[in-house]
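Everything below concerns the one structure shown next.
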Amino acid sequence: MTTITTTPLPAPPSRLRAVLGGVKRFFRRAPLSAFWGVIAALIVAMAMAAPLVAPYPPLKTDFRAMQKPPSEKHWFGTDQVGRDTLSRVIYGSQTSLTVALGAVVFGTTVGALWGLACGYFGGRFDMASQRVIEFLQSFPDLILAMAIARALGGGVVTVIVAIAVTRIPFGGRVIRSVVLSLKEMQYVEAARGLGASHQRLMFRHILPQCVAPYLILATTHLGVAIIIEASLGFLGVGIPPPSPTWGNMLSDALNAGLVPPWWLVLFPGVAITITVLAFNLLGDGIRDMLDPRLRGSV
């Protein structure tokens, strides 16, 4: 009789267990936000797998099926030159999410570092910086982004920079307020008394405590960035055609006739609405989980 020895599977790393535990708590305490988080994850997965998911190439024209309503062959119908609307919506998610994510990460990071320096050093640097931030905030986000995009010209990088500039003041203001309270904490004073340099105090003792508000800002501003990108495309100052974006699709629908076909307006609009709603509600749930004052109410 032979005995079979089984080797126990290695336990998952403690960091992985902590992440999984955090996800379970998030689903238990904020089920609505967790549901929309799953929707947001599915949208991101669809955008990443666009070449595999889309039934047709986004720029493929079919002059025998121009401006056709939804059918078995084209579930979301076709546009005025016979391009499949479903494929363009899927590829549009790739472009819109790339622009929004790049703009939010770039703008929020620059604003956070700027706010960190303002809150830590204070004085004239802080005063001058706040005047610049107030100047940027005096313009509506869409108007400022449109002016920058028009000045720099069309393109993906231009749109990312234009939207990122509108996100900088929010990151600067929020992180500055957090730093102003953190730099007076006893552990920071103790590190300063032990001779820690400004760089060590800022990046080792203060900046890690700003991760939670940074994540909240980045998540909640994704929806705003998607709306701004779609608005720029709709107004003709965003990513130029024929690149499929949700804003460009809505703009093209206006050129399809005096009364645009309903499917050319409905499906890109629904895609924008669901995506913005998903990221906004996910951001609300993350805020409630990470904010100590709101944990008890979630």
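We name chains A, B, ... following the order of the structure tokens; residues begin at 1 in each chain, and ligands are numbered from 1 as shown.
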Worksheet item: Using only C-alpha atoms, which residues sit within 12 Å of A:Val188 once same-chain residues fewer than 2 positions away are excluded, as an MDAnalysis selection string?
Response: chainID A and resid 120 179:186 190:198 200:207 209
Per residue of stretch 196-235 of chain A within 12 Å of stretch 168-176 of chain A, which atom pair is closest and at what distance in Å (one decimal), using only C-alpha atoms, listed by chain and increasing number, as a Markdown table?
| residue | atom | partner | partner_atom | distance |
| --- | --- | --- | --- | --- |
| A:Met202 | CA | A:Arg176 | CA | 11.9 |
| A:Ile206 | CA | A:Ile175 | CA | 10.4 |
| A:Leu207 | CA | A:Ile175 | CA | 9.1 |
| A:Pro208 | CA | A:Ile175 | CA | 11.4 |
| A:Gln209 | CA | A:Ile175 | CA | 9.8 |
| A:Cys210 | CA | A:Ile175 | CA | 6.6 |
| A:Val211 | CA | A:Ile175 | CA | 9.4 |
| A:Ala212 | CA | A:Ile175 | CA | 10.1 |
| A:Pro213 | CA | A:Ile175 | CA | 7.3 |
| A:Tyr214 | CA | A:Gly171 | CA | 7.4 |
| A:Leu215 | CA | A:Gly171 | CA | 10.5 |
| A:Ile216 | CA | A:Gly171 | CA | 10.3 |
| A:Leu217 | CA | A:Gly171 | CA | 7.1 |
| A:Ala218 | CA | A:Gly171 | CA | 8.8 |
| A:Thr220 | CA | A:Phe170 | CA | 11.3 |
| A:His221 | CA | A:Phe170 | CA | 9.4 |
Selection to disk with C-alpha atoms, as a compact mmCIF listing (two decimals), in the first residue's frame:
# COMPACT_ATOMS: atom_id res chain seq x y z
CA MET A 202 7.86 65.64 3.71
CA ILE A 206 3.83 63.43 5.92
CA LEU A 207 3.26 62.26 2.35
CA PRO A 208 2.20 58.65 3.24
CA GLN A 209 -0.64 60.10 5.33
CA CYS A 210 -1.93 61.86 2.20
CA VAL A 211 -2.49 58.64 0.23
CA ALA A 212 -6.14 58.26 1.31
CA PRO A 213 -7.29 61.75 0.20
CA TYR A 214 -5.24 61.32 -2.99
CA LEU A 215 -7.07 58.09 -3.85
CA ILE A 216 -10.43 59.70 -3.11
CA LEU A 217 -9.61 62.68 -5.34
CA ALA A 218 -8.36 60.50 -8.18
CA THR A 220 -14.04 60.91 -7.90
CA HIS A 221 -12.37 63.09 -10.54
At most 12 Å is the cut-off: for each residue in stretch 97-152 of chain A with any atom that close to an atom of stretch 32-46 of chain A, write down the nearest atom pair and the distance in Å rounded to one decimal, counting only C-alpha atoms, chain first then increasing number, as JSON lines.
{"residue": "A:Leu97", "atom": "CA", "partner": "A:Val44", "partner_atom": "CA", "distance": 7.6}
{"residue": "A:Thr98", "atom": "CA", "partner": "A:Val44", "partner_atom": "CA", "distance": 9.6}
{"residue": "A:Ala100", "atom": "CA", "partner": "A:Val44", "partner_atom": "CA", "distance": 11.8}
{"residue": "A:Leu101", "atom": "CA", "partner": "A:Val44", "partner_atom": "CA", "distance": 10.6}
Write the residues of the preceding selection, restricted to all heavy atoms, as an mmCIF file, in the first residue's frame.
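Output contents, as saved in part.cif:
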data_model
loop_
_atom_site.group_PDB
_atom_site.id
_atom_site.type_symbol
_atom_site.label_atom_id
_atom_site.label_comp_id
_atom_site.auth_asym_id
_atom_site.auth_seq_id
_atom_site.Cartn_x
_atom_site.Cartn_y
_atom_site.Cartn_z
ATOM 1 N N LEU A 97 -11.211 56.506 -21.433
ATOM 2 C CA LEU A 97 -10.643 56.118 -20.145
ATOM 3 C C LEU A 97 -9.142 56.386 -20.102
ATOM 4 O O LEU A 97 -8.613 56.779 -19.056
ATOM 5 C CB LEU A 97 -10.927 54.641 -19.873
ATOM 6 C CG LEU A 97 -12.376 54.284 -19.553
ATOM 7 C CD1 LEU A 97 -12.512 52.785 -19.349
ATOM 8 C CD2 LEU A 97 -12.862 55.025 -18.331
ATOM 9 N N THR A 98 -8.450 56.189 -21.222
ATOM 10 C CA THR A 98 -7.018 56.484 -21.248
ATOM 11 C C THR A 98 -6.765 57.961 -20.998
ATOM 12 O O THR A 98 -5.891 58.337 -20.200
ATOM 13 C CB THR A 98 -6.411 56.065 -22.596
ATOM 14 O OG1 THR A 98 -6.607 54.657 -22.787
ATOM 15 C CG2 THR A 98 -4.935 56.381 -22.647
ATOM 16 N N ALA A 100 -8.861 60.157 -19.585
ATOM 17 C CA ALA A 100 -9.310 60.541 -18.245
ATOM 18 C C ALA A 100 -8.334 60.070 -17.176
ATOM 19 O O ALA A 100 -7.979 60.835 -16.259
ATOM 20 C CB ALA A 100 -10.705 59.968 -17.981
ATOM 21 N N LEU A 101 -7.882 58.828 -17.259
ATOM 22 C CA LEU A 101 -6.956 58.303 -16.259
ATOM 23 C C LEU A 101 -5.624 59.048 -16.303
ATOM 24 O O LEU A 101 -5.078 59.432 -15.258
ATOM 25 C CB LEU A 101 -6.728 56.813 -16.497
ATOM 26 C CG LEU A 101 -5.815 56.096 -15.499
ATOM 27 C CD1 LEU A 101 -6.392 56.175 -14.099
ATOM 28 C CD2 LEU A 101 -5.618 54.637 -15.907
#
Can you check which parts of stretch 186-282 of chain A lie within 7 Å of stretch 154-159 of chain A? Per residue, the shortest pair of atoms and distance in Å to one decimal, counting only C-alpha atoms, sorted by chain and number, as CSV.
residue,atom,partner,partner_atom,distance
A:Val237,CA,A:Gly154,CA,6.4
A:Gly238,CA,A:Gly154,CA,5.8
A:Ile239,CA,A:Gly155,CA,5.0
A:Pro240,CA,A:Gly154,CA,6.2
